[in-house]
Amino acid sequence: MIGSLTQRQRRIVSQLCWTISLSIVAIPFVFPFLWMISSGFKGPTEIFGQPSLIPRMWRWQNFLDVFSYQPFARQYFNSLYIAVAVTLLTLLVSSLAGYALARLRFAGSALVGLFLVSALMVPDEVTIIPNFFLMRWAGLMDTHGPLILLPVFGSQGIVGTFLMRQYFLALPKELEEAGKMDGLSRLGIWWRIALPMSRPALAAVAIITFLNSWNLFLEPLIFISSLEKFTLPLALSNFTDPYGAPLWHLQLAATSLAVVPILIVYLIAQRQIIESFALSGVKG
Amino acid sequence: MERKPSTGSAARGSAPWLTLRMREAMEAWLFLSPTLAGFLIFFAGPLVAVVWYSLTEWNLLTQQATFVGLDNYDDALFRNPDFWHVVRNSVVFALGLVPLNMALALMLALALTRRFRGVVFFRTVFFAPVVTSAVAWAIVWKFLLQGEAGFVNQMLAGVGISGPNWLREPDWAMVAVIVTRVIKMVGLNMILYIAALQAIPRDYEAAAQLEGASNWQIFRMIIWPLLGPTTLVIMVITTIGSFKVFDHIYLMTGGGPENGTLVLAFYIYQQGFQFFNVGYASALAMIMFVIVLALTVVQLALRRKDT
């Protein structure tokens, strides 16, 4: 009987119940990752054979074939450098704008904020067709230009701007005023005083921007056509035989290579990463 | 440096004739200029352009646009049966995804704001798919849901159930893309709910317990009403997100089978970038814009009346 259990026993039972039920719910969240990695080590015949999490034959060859099937290393690098460029540019542009919206007084400040917010209500799909013609006109087809410009100035950048604005608003003004007394220009105050105090907000913007760029799919699909300019998501979708059927063992090996580093970083910095999403989710 | 502090800051710098206020305004516009330029070039301009495109018919050969008025809208709304099929798919997707996502998110959040060992671990687990690329997630699930040889069906066969060919039958394909999308995204809403739950003072719950309220009563009478604003935000974000879903479906089903999972965002892509019906696709984009806007306004209005 529950009533006869001591406080301690009751706690243990409750702990056990929660752990077991949450573990069951967690299966479809965790298992796909394990199965992805395991299948990446299997050969094309074993992959649909008797299911086994531990491959009978460890086929390391898959992870080499991935790189010879298409310029995967180059594609990996593309994703990395584009995500870094997008992140740095977004930090710069959105912290400048966020600072102006938070600290500087000028006619039309509220209106600018309203315009920017309204852009968040419009899905990217709505403006993608004109942006396609704009990029073609600018000669940026099959270049990484659109993959950098559109996220920086699109909804992602605007979310960043409002995150920064919110954070600047909460900072004490005194230090900045002291900076002014010392003869710092406005740019100097922003760079030397406001930004160093805003590391948590900058980190949050950096995290969500980086991941967003890393995972971008529609824009590469539309703007990029040559293999060596592909980004990772596009490359992953491209492991097919000449008839278009997926080469699962290669595709899953490549997917593991793309996902596992992100997962490792996530496991190390999960608190910070989750908090960043929570911040941007509420604002977005 | 400053000999006359009273007028010092206005006189400092290269433009002594500017008043302090004008100077500050100028700095503000300077700070905002990259964002505003980007906004005009990549958002406002295209938004105007898409309205114009939607009123034209594009000739691929001559690359010329002819003004056709509302013909593209007429085509979508009244002549082309595909359009309503696609809207129906999008609505089914949203109606399946939003309640499932929100209910699961709330349940996980309620469980994970209790005190027991492993809370951080489970939070990390349920959020992991959110940081994973939609492409990777779709590829792995497509693999798991292959016909007979797929892992899910092999498991089902192990307990004597013959599973359907998930991604090859229109109705099951819809179920599959909804459920796998929920698993991918539920962590985000879970986190938002956890943050909201943690903001509720513990005294409320303690006081209710003293009054002899059951757990369900505490939830129904105290927690759920206090979560109202969060629920609204989550509902708006999730609904809009469900209308924008593209990569997930593109990779899992390609819109098939028999267009059974062809949703609005996919249809726009197909018409615009595969068939190059630029005018028609732009009209679709405008319709999507209106739908998303209407959903937001309706949900905000409903909530306002509610409280």
# chains A, B, ... in the order shown; residues from 1 in each chain; ligands from 1
$ select_by_dssp --residues "stretch 1-175 of chain A" --states "alpha helix (DSSP H)" --output "VMD selection string"
chain A and resid 7 to 40 61 to 69 72 to 103 109 to 120 124 to 137 145 to 153 155 to 170 174 to 175
$ residues_around --residues "A:Ser109" --least-positions-apart "3" --cutoff "10 Å" --atoms "only C-alpha atoms" --output "PyMOL selection string"
(chain A and resi 100-102+104-106+112-114) or (chain B and resi 25+28-29)
$ residues_around --residues "stretch 239-254 of chain A" --least-positions-apart "2" --cutoff "8 Å" --atoms "only C-alpha atoms" --output "PDB file with N, CA and C atoms, in the first residue's frame"
ATOM      1  N   MET A  36      20.902   6.070 -37.311  1.00  0.00           N
ATOM      2  CA  MET A  36      21.597   6.769 -38.388  1.00  0.00           C
ATOM      3  C   MET A  36      23.095   6.423 -38.358  1.00  0.00           C
ATOM      4  N   ILE A  37      23.700   6.542 -37.173  1.00  0.00           N
ATOM      5  CA  ILE A  37      25.136   6.275 -37.064  1.00  0.00           C
ATOM      6  C   ILE A  37      25.417   4.803 -37.354  1.00  0.00           C
ATOM      7  N   SER A  39      23.666   2.651 -39.086  1.00  0.00           N
ATOM      8  CA  SER A  39      23.456   2.289 -40.487  1.00  0.00           C
ATOM      9  C   SER A  39      24.536   2.878 -41.388  1.00  0.00           C
ATOM     10  N   GLY A  40      25.122   3.979 -40.952  1.00  0.00           N
ATOM     11  CA  GLY A  40      26.208   4.563 -41.724  1.00  0.00           C
ATOM     12  C   GLY A  40      27.418   3.653 -41.808  1.00  0.00           C
ATOM     13  N   PHE A  41      27.476   2.682 -40.884  1.00  0.00           N
ATOM     14  CA  PHE A  41      28.599   1.746 -40.875  1.00  0.00           C
ATOM     15  C   PHE A  41      28.274   0.440 -41.590  1.00  0.00           C
ATOM     16  N   LYS A  42      27.041   0.320 -42.083  1.00  0.00           N
ATOM     17  CA  LYS A  42      26.641  -0.943 -42.692  1.00  0.00           C
ATOM     18  C   LYS A  42      26.825  -0.909 -44.202  1.00  0.00           C
ATOM     19  N   GLY A  43      26.928  -2.088 -44.785  1.00  0.00           N
ATOM     20  CA  GLY A  43      27.017  -2.194 -46.239  1.00  0.00           C
ATOM     21  C   GLY A  43      25.635  -2.109 -46.848  1.00  0.00           C
ATOM     22  N   PRO A  44      25.564  -1.931 -48.171  1.00  0.00           N
ATOM     23  CA  PRO A  44      24.265  -1.759 -48.837  1.00  0.00           C
ATOM     24  C   PRO A  44      23.350  -2.975 -48.683  1.00  0.00           C
ATOM     25  N   ILE A  47      22.120  -3.233 -44.716  1.00  0.00           N
ATOM     26  CA  ILE A  47      21.373  -2.083 -44.211  1.00  0.00           C
ATOM     27  C   ILE A  47      19.875  -2.370 -44.106  1.00  0.00           C
ATOM     28  N   ASN A  62      32.486   3.300 -46.097  1.00  0.00           N
ATOM     29  CA  ASN A  62      31.412   4.264 -46.382  1.00  0.00           C
ATOM     30  C   ASN A  62      31.885   5.698 -46.190  1.00  0.00           C
ATOM     31  N   PHE A  63      32.635   5.894 -45.092  1.00  0.00           N
ATOM     32  CA  PHE A  63      32.998   7.263 -44.746  1.00  0.00           C
ATOM     33  C   PHE A  63      34.079   7.824 -45.671  1.00  0.00           C
ATOM     34  N   ASP A  65      33.991   6.688 -49.022  1.00  0.00           N
ATOM     35  CA  ASP A  65      33.225   6.793 -50.263  1.00  0.00           C
ATOM     36  C   ASP A  65      32.415   8.087 -50.337  1.00  0.00           C
ATOM     37  N   VAL A  66      31.963   8.519 -49.158  1.00  0.00           N
ATOM     38  CA  VAL A  66      31.203   9.764 -49.099  1.00  0.00           C
ATOM     39  C   VAL A  66      31.975  10.902 -49.773  1.00  0.00           C
ATOM     40  N   TYR A  69      32.294  10.264 -53.685  1.00  0.00           N
ATOM     41  CA  TYR A  69      31.046  10.293 -54.449  1.00  0.00           C
ATOM     42  C   TYR A  69      30.751  11.705 -54.937  1.00  0.00           C
ATOM     43  N   ALA A 235      23.833  18.716 -50.139  1.00  0.00           N
ATOM     44  CA  ALA A 235      24.686  17.573 -50.429  1.00  0.00           C
ATOM     45  C   ALA A 235      24.081  16.278 -49.880  1.00  0.00           C
ATOM     46  N   LEU A 236      23.532  16.367 -48.664  1.00  0.00           N
ATOM     47  CA  LEU A 236      22.964  15.166 -48.040  1.00  0.00           C
ATOM     48  C   LEU A 236      21.824  14.595 -48.867  1.00  0.00           C
ATOM     49  N   SER A 237      21.048  15.496 -49.479  1.00  0.00           N
ATOM     50  CA  SER A 237      19.890  15.029 -50.239  1.00  0.00           C
ATOM     51  C   SER A 237      20.320  14.470 -51.589  1.00  0.00           C
ATOM     52  N   SER A 256      25.491  11.367 -40.785  1.00  0.00           N
ATOM     53  CA  SER A 256      26.159  11.270 -39.480  1.00  0.00           C
ATOM     54  C   SER A 256      27.294  12.275 -39.380  1.00  0.00           C
ATOM     55  N   LEU A 257      28.085  12.366 -40.441  1.00  0.00           N
ATOM     56  CA  LEU A 257      29.211  13.308 -40.428  1.00  0.00           C
ATOM     57  C   LEU A 257      28.730  14.742 -40.265  1.00  0.00           C
ATOM     58  N   ALA A 258      27.552  15.038 -40.795  1.00  0.00           N
ATOM     59  CA  ALA A 258      27.029  16.404 -40.701  1.00  0.00           C
ATOM     60  C   ALA A 258      26.395  16.670 -39.342  1.00  0.00           C
TER      61      ALA A 258
ATOM     62  N   ILE B 139      15.766  12.605 -43.678  1.00  0.00           N
ATOM     63  CA  ILE B 139      16.454  11.472 -44.308  1.00  0.00           C
ATOM     64  C   ILE B 139      16.394  10.242 -43.402  1.00  0.00           C
ATOM     65  N   VAL B 140      16.703  10.453 -42.125  1.00  0.00           N
ATOM     66  CA  VAL B 140      16.739   9.312 -41.210  1.00  0.00           C
ATOM     67  C   VAL B 140      15.350   8.704 -41.044  1.00  0.00           C
ATOM     68  N   PHE B 143      14.265   6.743 -43.972  1.00  0.00           N
ATOM     69  CA  PHE B 143      14.937   5.448 -43.929  1.00  0.00           C
ATOM     70  C   PHE B 143      14.221   4.495 -42.962  1.00  0.00           C
TER      71      PHE B 143
END
$ closest_residue --among "B:Tyr73, B:Trp52, B:Phe39, B:Trp137" --to "A:Phe31" --atoms "only C-alpha atoms"
B:Trp137
$ residues_around --residues "B:Leu30" --least-positions-apart "4" --cutoff "10 Å" --atoms "only C-alpha atoms" --output "JSON, numbers by chain"
{"A": [96, 97, 100], "B": [24, 25, 26, 34, 35, 36]}
$ write_last_selection --atoms "C-alpha atoms" --output "PDB file, in the first residue's frame"
ATOM      1  CA  LEU A  96      24.039  48.254 -34.548  1.00  0.00           C
ATOM      2  CA  ALA A  97      20.341  48.439 -35.323  1.00  0.00           C
ATOM      3  CA  ALA A 100      19.903  52.525 -32.203  1.00  0.00           C
TER       4      ALA A 100
ATOM      5  CA  GLU B  24      21.646  61.792 -32.227  1.00  0.00           C
ATOM      6  CA  ALA B  25      19.021  61.234 -34.923  1.00  0.00           C
ATOM      7  CA  MET B  26      21.676  61.172 -37.583  1.00  0.00           C
ATOM      8  CA  PRO B  34      22.502  48.436 -43.013  1.00  0.00           C
ATOM      9  CA  THR B  35      19.333  46.921 -41.573  1.00  0.00           C
ATOM     10  CA  LEU B  36      17.060  49.383 -43.334  1.00  0.00           C
TER      11      LEU B  36
END
$ residues_around --residues "A:Phe217" --least-positions-apart "6" --cutoff "10 Å" --atoms "only C-alpha atoms" --output "PyMOL selection string"
(chain A and resi 147+231-234+237) or (chain B and resi 133-135+246-248)
$ write_last_selection --atoms "C-alpha atoms" --output "PDB file, in the first residue's frame"
ATOM      1  CA  LEU A 147      22.853  32.318 -48.878  1.00  0.00           C
ATOM      2  CA  THR A 231      26.019  23.277 -48.797  1.00  0.00           C
ATOM      3  CA  LEU A 232      25.617  20.299 -46.474  1.00  0.00           C
ATOM      4  CA  PRO A 233      21.808  19.968 -46.473  1.00  0.00           C
ATOM      5  CA  LEU A 234      21.794  20.027 -50.264  1.00  0.00           C
ATOM      6  CA  SER A 237      19.890  15.029 -50.239  1.00  0.00           C
TER       7      SER A 237
ATOM      8  CA  SER B 133      18.916  19.930 -39.557  1.00  0.00           C
ATOM      9  CA  ALA B 134      15.469  19.209 -40.958  1.00  0.00           C
ATOM     10  CA  VAL B 135      17.162  17.534 -43.904  1.00  0.00           C
ATOM     11  CA  PHE B 246       8.837  22.711 -46.836  1.00  0.00           C
ATOM     12  CA  ASP B 247      12.178  20.911 -46.457  1.00  0.00           C
ATOM     13  CA  HIS B 248      10.730  18.202 -44.222  1.00  0.00           C
TER      14      HIS B 248
END
$ residues_around --residues "stretch 200-202 of chain B" --least-positions-apart "4" --cutoff "10 Å" --atoms "only C-alpha atoms" --output "list of chain:residue names"
B:Ala195, B:Ala196, B:Ala206, B:Ala207, B:Ile222, B:Ile223, B:Leu226, B:Leu227
$ write_last_selection --atoms "C-alpha atoms" --output "PDB file, in the first residue's frame"
ATOM      1  CA  ALA B 195      10.109  28.874 -18.939  1.00  0.00           C
ATOM      2  CA  ALA B 196       6.496  29.917 -18.362  1.00  0.00           C
ATOM      3  CA  ALA B 206       1.371  25.335  -2.162  1.00  0.00           C
ATOM      4  CA  ALA B 207      -1.626  27.412  -1.124  1.00  0.00           C
ATOM      5  CA  ILE B 222      -4.287  27.881 -11.572  1.00  0.00           C
ATOM      6  CA  ILE B 223      -1.599  26.731 -13.963  1.00  0.00           C
ATOM      7  CA  LEU B 226      -1.554  31.497 -16.007  1.00  0.00           C
ATOM      8  CA  LEU B 227      -0.077  29.813 -19.076  1.00  0.00           C
TER       9      LEU B 227
END
$ closest_residue --among "A:Val126, A:His144, A:Ser23, A:Arg56" --to "A:Ser225" --atoms "only C-alpha atoms"
A:His144
$ atom_distance --atom1 "atom CA of B:Met102" --atom2 "atom CA of B:Ile218"
19.5 Å
$ residues_around --residues "B:Val298" --least-positions-apart "5" --cutoff "12 Å" --atoms "only C-alpha atoms" --output "mmCIF file with N, CA and C atoms, in the first residue's frame"
data_model
loop_
_atom_site.group_PDB
_atom_site.id
_atom_site.type_symbol
_atom_site.label_atom_id
_atom_site.label_comp_id
_atom_site.auth_asym_id
_atom_site.auth_seq_id
_atom_site.Cartn_x
_atom_site.Cartn_y
_atom_site.Cartn_z
ATOM 1 N N LEU B 232 -0.888 31.164 -26.195
ATOM 2 C CA LEU B 232 -1.229 31.947 -27.390
ATOM 3 C C LEU B 232 -0.017 32.106 -28.305
ATOM 4 N N MET B 235 0.831 28.917 -29.934
ATOM 5 C CA MET B 235 -0.141 28.530 -30.945
ATOM 6 C C MET B 235 0.103 29.301 -32.247
ATOM 7 N N VAL B 236 0.341 30.598 -32.120
ATOM 8 C CA VAL B 236 0.587 31.407 -33.318
ATOM 9 C C VAL B 236 1.859 30.939 -34.026
ATOM 10 N N THR B 239 1.373 27.393 -35.580
ATOM 11 C CA THR B 239 0.476 27.369 -36.741
ATOM 12 C C THR B 239 1.168 27.963 -37.962
ATOM 13 N N VAL B 290 -1.715 36.119 -46.956
ATOM 14 C CA VAL B 290 -3.007 36.495 -46.383
ATOM 15 C C VAL B 290 -3.459 35.460 -45.354
ATOM 16 N N ILE B 291 -3.262 34.176 -45.663
ATOM 17 C CA ILE B 291 -3.670 33.125 -44.723
ATOM 18 C C ILE B 291 -2.913 33.270 -43.402
ATOM 19 N N VAL B 292 -1.588 33.434 -43.502
ATOM 20 C CA VAL B 292 -0.776 33.548 -42.286
ATOM 21 C C VAL B 292 -1.184 34.775 -41.472
ATOM 22 N N LEU B 293 -1.408 35.879 -42.185
ATOM 23 C CA LEU B 293 -1.818 37.112 -41.518
ATOM 24 C C LEU B 293 -3.157 36.923 -40.818
ATOM 25 N N ARG B 303 -7.979 35.471 -28.315
ATOM 26 C CA ARG B 303 -7.389 35.487 -26.996
ATOM 27 C C ARG B 303 -7.789 36.749 -26.231
ATOM 28 N N ARG B 304 -7.841 37.857 -26.959
ATOM 29 C CA ARG B 304 -8.181 39.112 -26.305
ATOM 30 C C ARG B 304 -9.585 39.044 -25.717
ATOM 31 N N LYS B 305 -10.497 38.409 -26.470
ATOM 32 C CA LYS B 305 -11.873 38.277 -26.010
ATOM 33 C C LYS B 305 -11.924 37.355 -24.799
#
$ closest_residue --among "B:Gly118, B:Val152, B:Pro99, B:Trp58" --to "A:Leu16" --atoms "only C-alpha atoms"
B:Gly118
